[in-house]
file my_file12.txt (compact mmCIF, C-alpha atoms)
# COMPACT_ATOMS: atom_id res chain seq x y z
CA MET A 1 68.57 90.65 76.15
CA ASP A 2 69.67 93.57 78.30
CA ILE A 3 73.48 93.45 78.59
CA VAL A 4 75.73 95.53 80.82
CA ASP A 5 79.49 95.13 80.44
CA THR A 6 80.89 95.53 83.96
CA HIS A 7 84.54 95.48 82.98
CA CYS A 8 86.06 97.31 80.01
CA HIS A 9 88.96 99.73 79.66
CA ILE A 10 89.49 102.79 77.50
CA ILE A 11 92.68 104.58 76.51
CA SER A 12 92.78 108.08 75.04
CA ASP A 13 94.71 108.82 71.88
CA ASP A 14 95.42 112.31 73.27
CA VAL A 15 98.55 111.79 75.37
CA THR A 16 98.95 115.51 75.98
CA ARG A 17 95.57 115.92 77.65
CA TYR A 18 95.70 112.48 79.27
CA PRO A 19 99.35 111.62 79.95
CA ARG A 20 100.29 108.11 80.90
CA ALA A 21 101.20 107.53 84.53
CA PRO A 22 100.97 103.77 85.15
CA ILE A 23 101.24 102.37 88.65
CA GLY A 24 104.63 100.72 88.85
CA GLY A 25 105.87 102.70 85.85
CA THR A 26 105.08 100.04 83.22
CA GLN A 27 102.09 100.07 80.88
CA SER A 28 100.15 96.93 80.03
CA GLY A 29 100.90 95.60 76.57
CA TRP A 30 97.29 95.90 75.42
CA ALA A 31 97.26 99.59 76.38
CA THR A 32 99.86 100.24 73.68
CA THR A 33 99.17 97.51 71.12
CA ARG A 34 95.34 97.53 70.94
CA PRO A 35 93.98 100.53 72.86
CA VAL A 36 90.31 101.44 72.52
CA THR A 37 89.07 105.01 72.95
CA ALA A 38 85.69 105.94 74.41
CA ASP A 39 84.32 106.51 70.90
CA GLY A 40 85.68 103.14 69.83
CA MET A 41 84.11 101.47 72.85
CA VAL A 42 80.67 102.84 71.96
CA GLU A 43 81.04 101.51 68.43
CA ARG A 44 81.97 98.07 69.73
CA MET A 45 79.11 98.12 72.25
CA ASP A 46 76.63 98.93 69.49
CA GLU A 47 78.03 96.09 67.38
CA ALA A 48 77.72 93.65 70.28
CA GLY A 49 74.27 94.76 71.46
CA ILE A 50 75.50 96.15 74.78
CA GLY A 51 73.47 99.03 76.15
CA GLN A 52 75.72 100.26 78.95
CA ALA A 53 79.20 99.64 80.28
CA VAL A 54 81.31 100.19 83.34
CA LEU A 55 84.55 101.93 82.43
CA VAL A 56 87.17 100.45 84.73
CA GLN A 57 90.18 102.69 85.24
CA ALA A 58 93.26 101.38 83.45
CA THR A 59 95.66 101.71 86.37
CA THR A 60 98.54 100.40 84.30
CA ALA A 61 98.04 103.36 81.96
CA TYR A 62 96.78 106.20 84.18
CA GLY A 63 97.41 105.17 87.77
CA TYR A 64 95.21 107.20 90.12
CA ASP A 65 94.32 109.85 87.53
CA ASN A 66 90.69 109.08 86.65
CA SER A 67 90.32 112.06 84.29
CA TYR A 68 89.76 110.20 81.04
CA VAL A 69 87.13 107.77 82.27
CA LEU A 70 85.30 110.55 84.11
CA ASP A 71 85.37 112.86 81.09
CA SER A 72 84.09 110.02 78.92
CA ARG A 73 81.28 109.36 81.37
CA ALA A 74 80.35 113.06 81.34
CA GLN A 75 80.09 113.00 77.54
CA ARG A 76 77.94 109.82 77.47
CA PRO A 77 76.11 109.44 80.79
CA ASP A 78 73.54 107.24 79.10
CA ARG A 79 76.17 104.64 78.13
CA PHE A 80 78.92 104.77 80.77
CA ILE A 81 79.53 104.77 84.48
CA VAL A 82 82.99 104.71 86.04
CA VAL A 83 84.94 102.52 88.41
CA GLY A 84 88.07 104.49 89.22
CA THR A 85 90.98 104.21 91.59
CA VAL A 86 92.02 105.80 94.83
CA ASP A 87 94.96 104.85 97.02
CA PRO A 88 93.48 103.11 100.09
CA LEU A 89 96.79 103.30 101.95
CA ARG A 90 96.91 107.10 102.13
CA PRO A 91 95.97 108.65 105.47
CA ASP A 92 93.35 110.73 103.63
CA ALA A 93 91.95 107.76 101.67
CA ALA A 94 88.48 107.97 103.25
CA GLY A 95 88.12 111.65 102.40
CA ASN A 96 89.46 111.10 98.90
CA LEU A 97 86.94 108.32 98.34
CA GLU A 98 84.03 110.43 99.54
CA ALA A 99 85.08 113.31 97.28
CA ALA A 100 85.50 111.00 94.28
CA VAL A 101 82.04 109.42 94.42
CA GLY A 102 79.96 112.59 94.48
CA ASP A 103 77.53 113.62 91.75
CA ASN A 104 78.81 112.56 88.32
CA GLY A 105 81.82 111.00 90.01
CA LEU A 106 82.88 107.40 90.53
CA ALA A 107 80.24 104.69 90.79
CA GLY A 108 82.79 102.36 92.30
CA VAL A 109 86.48 101.89 92.93
CA ARG A 110 89.00 99.20 92.04
CA LEU A 111 91.91 97.93 94.07
CA PHE A 112 94.50 96.43 91.76
CA THR A 113 96.73 94.21 93.88
CA SER A 114 99.19 92.65 91.43
CA GLY A 115 102.70 93.96 91.95
CA SER A 116 101.71 96.21 94.85
CA THR A 117 103.61 96.33 98.13
CA VAL A 118 102.85 97.55 101.62
CA PRO A 119 105.10 97.87 104.68
CA THR A 120 103.01 95.36 106.68
CA GLN A 121 102.65 91.62 106.74
CA GLY A 122 99.94 89.97 104.67
CA GLU A 123 98.05 91.26 101.66
CA TRP A 124 98.05 95.04 101.53
CA PHE A 125 94.35 95.39 100.68
CA ALA A 126 93.53 93.97 104.14
CA ALA A 127 96.23 95.86 106.04
CA PRO A 128 95.11 98.01 109.00
CA GLU A 129 96.13 101.13 107.08
CA THR A 130 93.22 100.47 104.70
CA TYR A 131 90.52 100.22 107.39
CA PRO A 132 89.41 103.85 107.10
CA PHE A 133 88.95 103.30 103.36
CA TRP A 134 86.81 100.20 103.94
CA ASP A 135 84.79 101.98 106.62
CA LYS A 136 84.02 104.81 104.21
CA ALA A 137 83.22 102.43 101.34
CA THR A 138 80.72 100.69 103.62
CA GLU A 139 79.20 104.00 104.72
CA LEU A 140 78.84 105.26 101.15
CA GLY A 141 77.55 101.96 99.76
CA VAL A 142 80.28 101.97 97.12
CA THR A 143 81.06 98.78 95.22
CA VAL A 144 84.75 97.91 95.51
CA CYS A 145 86.20 95.81 92.69
CA LEU A 146 88.99 93.70 94.09
CA GLN A 147 91.58 92.33 91.70
CA MET A 148 93.45 89.57 93.48
CA ARG A 149 94.26 85.90 93.11
CA LEU A 150 92.75 83.31 95.38
CA GLY A 151 95.23 81.09 97.17
CA PRO A 152 97.56 82.57 99.78
CA ALA A 153 95.42 85.74 99.87
CA THR A 154 92.10 83.93 100.38
CA GLU A 155 92.34 84.06 104.17
CA GLN A 156 92.91 87.83 103.99
CA VAL A 157 89.67 88.13 102.00
CA HIS A 158 87.82 86.21 104.69
CA GLN A 159 89.32 88.36 107.44
CA LEU A 160 88.50 91.57 105.62
CA LEU A 161 84.88 90.62 104.95
CA ARG A 162 84.37 89.44 108.51
CA ARG A 163 85.58 92.84 109.70
CA PHE A 164 83.46 94.72 107.13
CA PRO A 165 80.45 92.45 106.56
CA SER A 166 78.31 95.16 104.95
CA VAL A 167 80.76 96.33 102.32
CA ARG A 168 80.00 95.44 98.68
CA VAL A 169 82.93 93.73 96.96
CA LEU A 170 83.00 92.56 93.35
CA LEU A 171 85.79 90.02 92.90
CA ASP A 172 87.42 90.57 89.51
CA HIS A 173 87.71 87.45 87.35
CA MET A 174 86.28 85.46 90.27
CA GLY A 175 89.73 85.55 91.84
CA TYR A 176 91.40 83.69 88.94
CA PRO A 177 90.40 80.15 90.01
CA ASP A 178 92.40 77.40 88.32
CA ILE A 179 89.54 76.00 86.28
CA ALA A 180 91.85 74.32 83.77
CA ALA A 181 93.44 72.15 86.45
CA SER A 182 90.15 71.02 87.96
CA PRO A 183 86.75 72.68 87.40
CA THR A 184 85.31 70.91 90.44
CA ASP A 185 88.09 71.93 92.83
CA ALA A 186 88.01 75.48 91.50
CA GLY A 187 84.24 75.66 91.85
CA GLU A 188 84.33 74.45 95.44
CA ALA A 189 87.06 76.98 96.32
CA VAL A 190 85.04 79.88 94.91
CA ALA A 191 81.77 78.64 96.41
CA GLU A 192 83.28 78.78 99.89
CA LEU A 193 83.45 82.56 99.60
CA ALA A 194 79.67 82.84 99.38
CA VAL A 195 79.41 82.92 103.19
CA HIS A 196 80.06 86.66 102.90
CA PRO A 197 76.78 88.20 101.72
CA GLY A 198 78.40 91.36 100.38
CA LEU A 199 80.79 89.50 98.08
CA HIS A 200 79.90 89.30 94.39
CA LEU A 201 81.71 87.65 91.48
CA LYS A 202 82.74 89.15 88.17
CA LEU A 203 82.63 86.56 85.38
CA THR A 204 84.99 87.41 82.52
CA HIS A 205 86.81 85.77 79.63
CA ARG A 206 89.53 84.70 82.07
CA ASN A 207 86.98 82.28 83.52
CA LEU A 208 84.86 81.69 80.43
CA GLU A 209 87.71 80.56 78.19
CA PRO A 210 88.80 77.66 80.43
CA LEU A 211 85.14 76.81 81.07
CA HIS A 212 84.57 76.62 77.32
CA ASP A 213 87.62 74.39 76.97
CA ALA A 214 86.35 72.16 79.80
CA GLY A 215 83.21 71.28 77.82
CA GLU A 216 80.78 69.16 79.85
CA LYS A 217 83.11 69.32 82.86
CA ALA A 218 82.37 73.05 83.13
CA SER A 219 79.31 72.16 85.20
CA GLY A 220 81.70 71.01 87.92
CA PHE A 221 82.56 74.67 88.39
CA LEU A 222 79.34 76.43 87.45
CA ASP A 223 76.94 74.29 89.48
CA PRO A 224 78.48 74.85 92.94
CA VAL A 225 79.21 78.51 92.27
CA LEU A 226 75.67 79.25 91.08
CA ALA A 227 74.21 77.25 93.94
CA ALA A 228 76.29 79.07 96.55
CA PHE A 229 76.14 82.64 95.23
CA GLY A 230 73.03 82.67 93.10
CA ALA A 231 73.02 84.46 89.75
CA HIS A 232 72.02 87.67 91.53
CA ARG A 233 75.59 87.90 92.90
CA ILE A 234 77.38 87.26 89.60
CA ALA A 235 77.99 89.87 86.89
CA TRP A 236 79.48 89.49 83.42
CA GLY A 237 82.30 91.67 82.12
CA SER A 238 84.22 91.55 78.84
CA ASN A 239 87.68 92.80 79.89
CA LEU A 240 88.03 94.44 76.47
CA PRO A 241 90.64 95.30 75.20
CA ALA A 242 92.80 93.30 77.59
CA ALA A 243 90.92 90.39 76.09
CA GLU A 244 92.10 89.85 72.54
CA GLN A 245 88.74 88.82 71.07
CA SER A 246 86.24 91.29 69.65
CA LEU A 247 83.38 92.40 71.87
CA PRO A 248 80.76 90.42 69.88
CA GLU A 249 82.98 87.34 70.24
CA LEU A 250 83.25 87.87 74.00
CA VAL A 251 79.48 88.17 74.32
CA ALA A 252 79.02 85.03 72.23
CA LEU A 253 81.51 83.15 74.43
CA ALA A 254 79.52 84.02 77.54
CA HIS A 255 76.24 82.99 75.93
CA LYS A 256 77.74 79.67 74.84
CA VAL A 257 79.21 78.76 78.23
CA LEU A 258 76.02 79.78 80.04
CA ALA A 259 73.67 78.16 77.51
CA ASP A 260 72.36 75.60 80.03
CA VAL A 261 71.75 78.21 82.73
CA PRO A 262 68.03 79.12 82.94
CA GLU A 263 67.18 82.39 81.20
CA PRO A 264 66.13 84.28 84.36
CA GLU A 265 69.53 83.56 85.86
CA ARG A 266 71.34 84.56 82.67
CA ARG A 267 69.48 87.87 82.74
CA GLU A 268 70.84 88.48 86.21
CA ILE A 269 74.40 87.69 85.14
CA PHE A 270 74.25 89.82 82.01
CA ALA A 271 72.57 92.88 83.54
CA GLY A 272 70.50 92.48 86.71
CA THR A 273 73.38 92.12 89.13
CA ALA A 274 75.24 95.04 87.58
CA ARG A 275 72.23 97.34 87.89
CA ARG A 276 71.96 96.58 91.61
CA LEU A 277 75.67 97.02 92.23
CA TYR A 278 75.71 100.28 90.27
CA PRO A 279 72.40 102.16 90.66
CA GLY A 280 73.76 104.89 88.39
CA LEU A 281 73.22 102.59 85.42
CA ALA A 282 69.48 103.20 85.74
CA GLY A 283 70.02 106.72 84.39

call {"tool": "encode", "arguments": {"input": "my_file12.txt", "output": "structure tokens"}}
result
Amino acid sequence: MDIVDTHCHIISDDVTRYPRAPIGGTQSGWATTRPVTADGMVERMDEAGIGQAVLVQATTAYGYDNSYVLDSRAQRPDRFIVVGTVDPLRPDAAGNLEAAVGDNGLAGVRLFTSGSTVPTQGEWFAAPETYPFWDKATELGVTVCLQMRLGPATEQVHQLLRRFPSVRVLLDHMGYPDIAASPTDAGEAVAELAVHPGLHLKLTHRNLEPLHDAGEKASGFLDPVLAAFGAHRIAWGSNLPAAEQSLPELVALAHKVLADVPEPERREIFAGTARRLYPGLAG
């Protein structure tokens, strides 16, 4: 089966060429305890049977400096594309985004909301200061990965997508729904977001682990989400090495949880959706 990993991180072992500059000043634990280089990621992909991967900028290691992921993409354009970061709150955010997504540049961008602040009320990713960024992302057809938790911020997501109905958004980890507490309630909460046609879901170990633990009750989450979004709006990602398991184990986990999903739909989740969101993968 064709597999695209839409969410993995790489960390260079050359701290002189690629110095650490994490947003907020603190590196993630996995970035120091189990980092994976670009070469190491290719080895793990080969072991797991993954043809291509989306290198998602490790903001808690490199902040807005996308140099390492872009250099890694340049060395292996057949295996990698890049989702990097720009600061959407800067007055020049729209211009910076346009410059970053040129030839051999970013295939998408990620907004990492945890721990961020903004001098306005509400969630900063939907603040008026970000509107030029969202306008430009819509114009360019860039996929924006949004890392945020559903709950108090859900209404901001609705407001944002009503204002920018044509923008493509890929919701990291499906918005961290509380599957463990109630698969059915979590599934209904996520399914409600499907009213926005440009919104897609990224299915990772953060969702798959509690779904595996839920056993037969996992259908209470999967059924409404698949019915509302369709498999063509869901993409799998490993989250390696933030995820502690090996890449083959993460692939196996996804296959196990999705075992009852018809094969055509699984093909969409494992690769088809990713290839539409990121046309650069075709190369």

call {"tool": "residues_near_point", "arguments": {"input": "my_file12.txt", "point": "(78.9, 89.2, 102.0)", "cutoff": "8 Å", "atoms": "only C-alpha atoms", "output": "ChimeraX atom specification"}}
result
/A:161,165-169,194-200

call {"tool": "atom_distance", "arguments": {"input": "my_file12.txt", "atom1": "CA of Pro19 in chain A", "atom2": "CA of Tyr64 in chain A"}}
result
11.8 Å

call {"tool": "closest_residue", "arguments": {"input": "my_file12.txt", "among": "A:Leu70, A:Ala61, A:Ile234, A:Val257", "to": "Asp172 in chain A", "atoms": "all atoms listed in the file"}}
result
A:Ile234

call {"tool": "closest_residue", "arguments": {"input": "my_file12.txt", "among": "A:Gln75, A:Thr16, A:Thr204, A:Gln52", "to": "Ala274 in chain A", "atoms": "all atoms listed in the file"}}
result
A:Gln52

call {"tool": "atom_distance", "arguments": {"input": "my_file12.txt", "atom1": "CA of Ala228 in chain A", "atom2": "CA of Ala191 in chain A"}}
result
5.5 Å

call {"tool": "closest_residue", "arguments": {"input": "my_file12.txt", "among": "A:Asp223, A:Glu47, A:Glu139, A:Glu249", "to": "Asp185 in chain A", "atoms": "all atoms listed in the file"}}
result
A:Asp223

call {"tool": "closest_residue", "arguments": {"input": "my_file12.txt", "among": "A:Leu89, A:Arg79, A:Thr6, A:Gln57", "to": "Asp39 in chain A", "atoms": "all atoms listed in the file"}}
result
A:Arg79

call {"tool": "residues_around", "arguments": {"input": "my_file12.txt", "residues": "Asn104 in chain A", "least_positions_apart": "2", "cutoff": "9 Å", "atoms": "all atoms listed in the file", "output": "PyMOL selection string"}}
result
chain A and resi 70+73-74+77+81+101-102+106-107

call {"tool": "closest_residue", "arguments": {"input": "my_file12.txt", "among": "A:Ile50, A:Leu160, A:Ala127, A:Leu240", "to": "His7 in chain A", "atoms": "all atoms listed in the file"}}
result
A:Leu240

call {"tool": "residues_around", "arguments": {"input": "my_file12.txt", "residues": "Thr37 in chain A", "least_positions_apart": "2", "cutoff": "7 Å", "atoms": "all atoms listed in the file", "output": "list in words"}}
result
Ile10, Ile11, Ser12, Asp13, Pro35, Asp39, Gly40 and Met41 of chain A

call {"tool": "write_last_selection", "arguments": {"input": "my_file12.txt", "atoms": "C-alpha atoms", "output": "compact mmCIF listing (two decimals), in the frame of the given file"}}
result
# COMPACT_ATOMS: atom_id res chain seq x y z
CA ILE A 10 89.49 102.79 77.50
CA ILE A 11 92.68 104.58 76.51
CA SER A 12 92.78 108.08 75.04
CA ASP A 13 94.71 108.82 71.88
CA PRO A 35 93.98 100.53 72.86
CA ASP A 39 84.32 106.51 70.90
CA GLY A 40 85.68 103.14 69.83
CA MET A 41 84.11 101.47 72.85

call {"tool": "residues_around", "arguments": {"input": "my_file12.txt", "residues": "Leu226 in chain A", "least_positions_apart": "5", "cutoff": "10 Å", "atoms": "only C-alpha atoms", "output": "number ranges by chain"}}
result
A: 187, 191, 194, 219, 221, 231-234, 261, 265

call {"tool": "atom_distance", "arguments": {"input": "my_file12.txt", "atom1": "CA of Ala38 in chain A", "atom2": "CA of Ser72 in chain A"}}
result
6.3 Å

call {"tool": "residues_around", "arguments": {"input": "my_file12.txt", "residues": "Val190 in chain A", "least_positions_apart": "3", "cutoff": "8 Å", "atoms": "all atoms listed in the file", "output": "short mmCIF file (atom, residue, chain, number, x, y, z; two decimals) with C-alpha atoms, keeping the file's coordinate frame"}}
result
data_model
loop_
_atom_site.label_atom_id
_atom_site.label_comp_id
_atom_site.auth_asym_id
_atom_site.auth_seq_id
_atom_site.Cartn_x
_atom_site.Cartn_y
_atom_site.Cartn_z
CA MET A 174 86.28 85.46 90.27
CA GLY A 175 89.73 85.55 91.84
CA PRO A 177 90.40 80.15 90.01
CA ALA A 186 88.01 75.48 91.50
CA GLY A 187 84.24 75.66 91.85
CA LEU A 193 83.45 82.56 99.60
CA ALA A 194 79.67 82.84 99.38
CA VAL A 225 79.21 78.51 92.27
#

call {"tool": "closest_residue", "arguments": {"input": "my_file12.txt", "among": "A:Ala93, A:Ala252, A:Val69, A:Val4", "to": "Ala282 in chain A", "atoms": "only C-alpha atoms"}}
result
A:Val4

call {"tool": "residues_around", "arguments": {"input": "my_file12.txt", "residues": "Asp260 in chain A", "least_positions_apart": "6", "cutoff": "12 Å", "atoms": "all atoms listed in the file", "output": "list of chain:residue names"}}
result
A:Gly215, A:Glu216, A:Ala218, A:Ser219, A:Leu222, A:Asp223, A:Ala254, A:Arg266

call {"tool": "axis_aligned_box", "arguments": {"input": "my_file12.txt", "around": "range 18-23 of chain A", "padding_each_side": "4 Å", "output": "JSON"}}
result
{"center_x": 98.5, "center_y": 107.4, "center_z": 84.0, "size_x": 13.5, "size_y": 18.1, "size_z": 17.4}
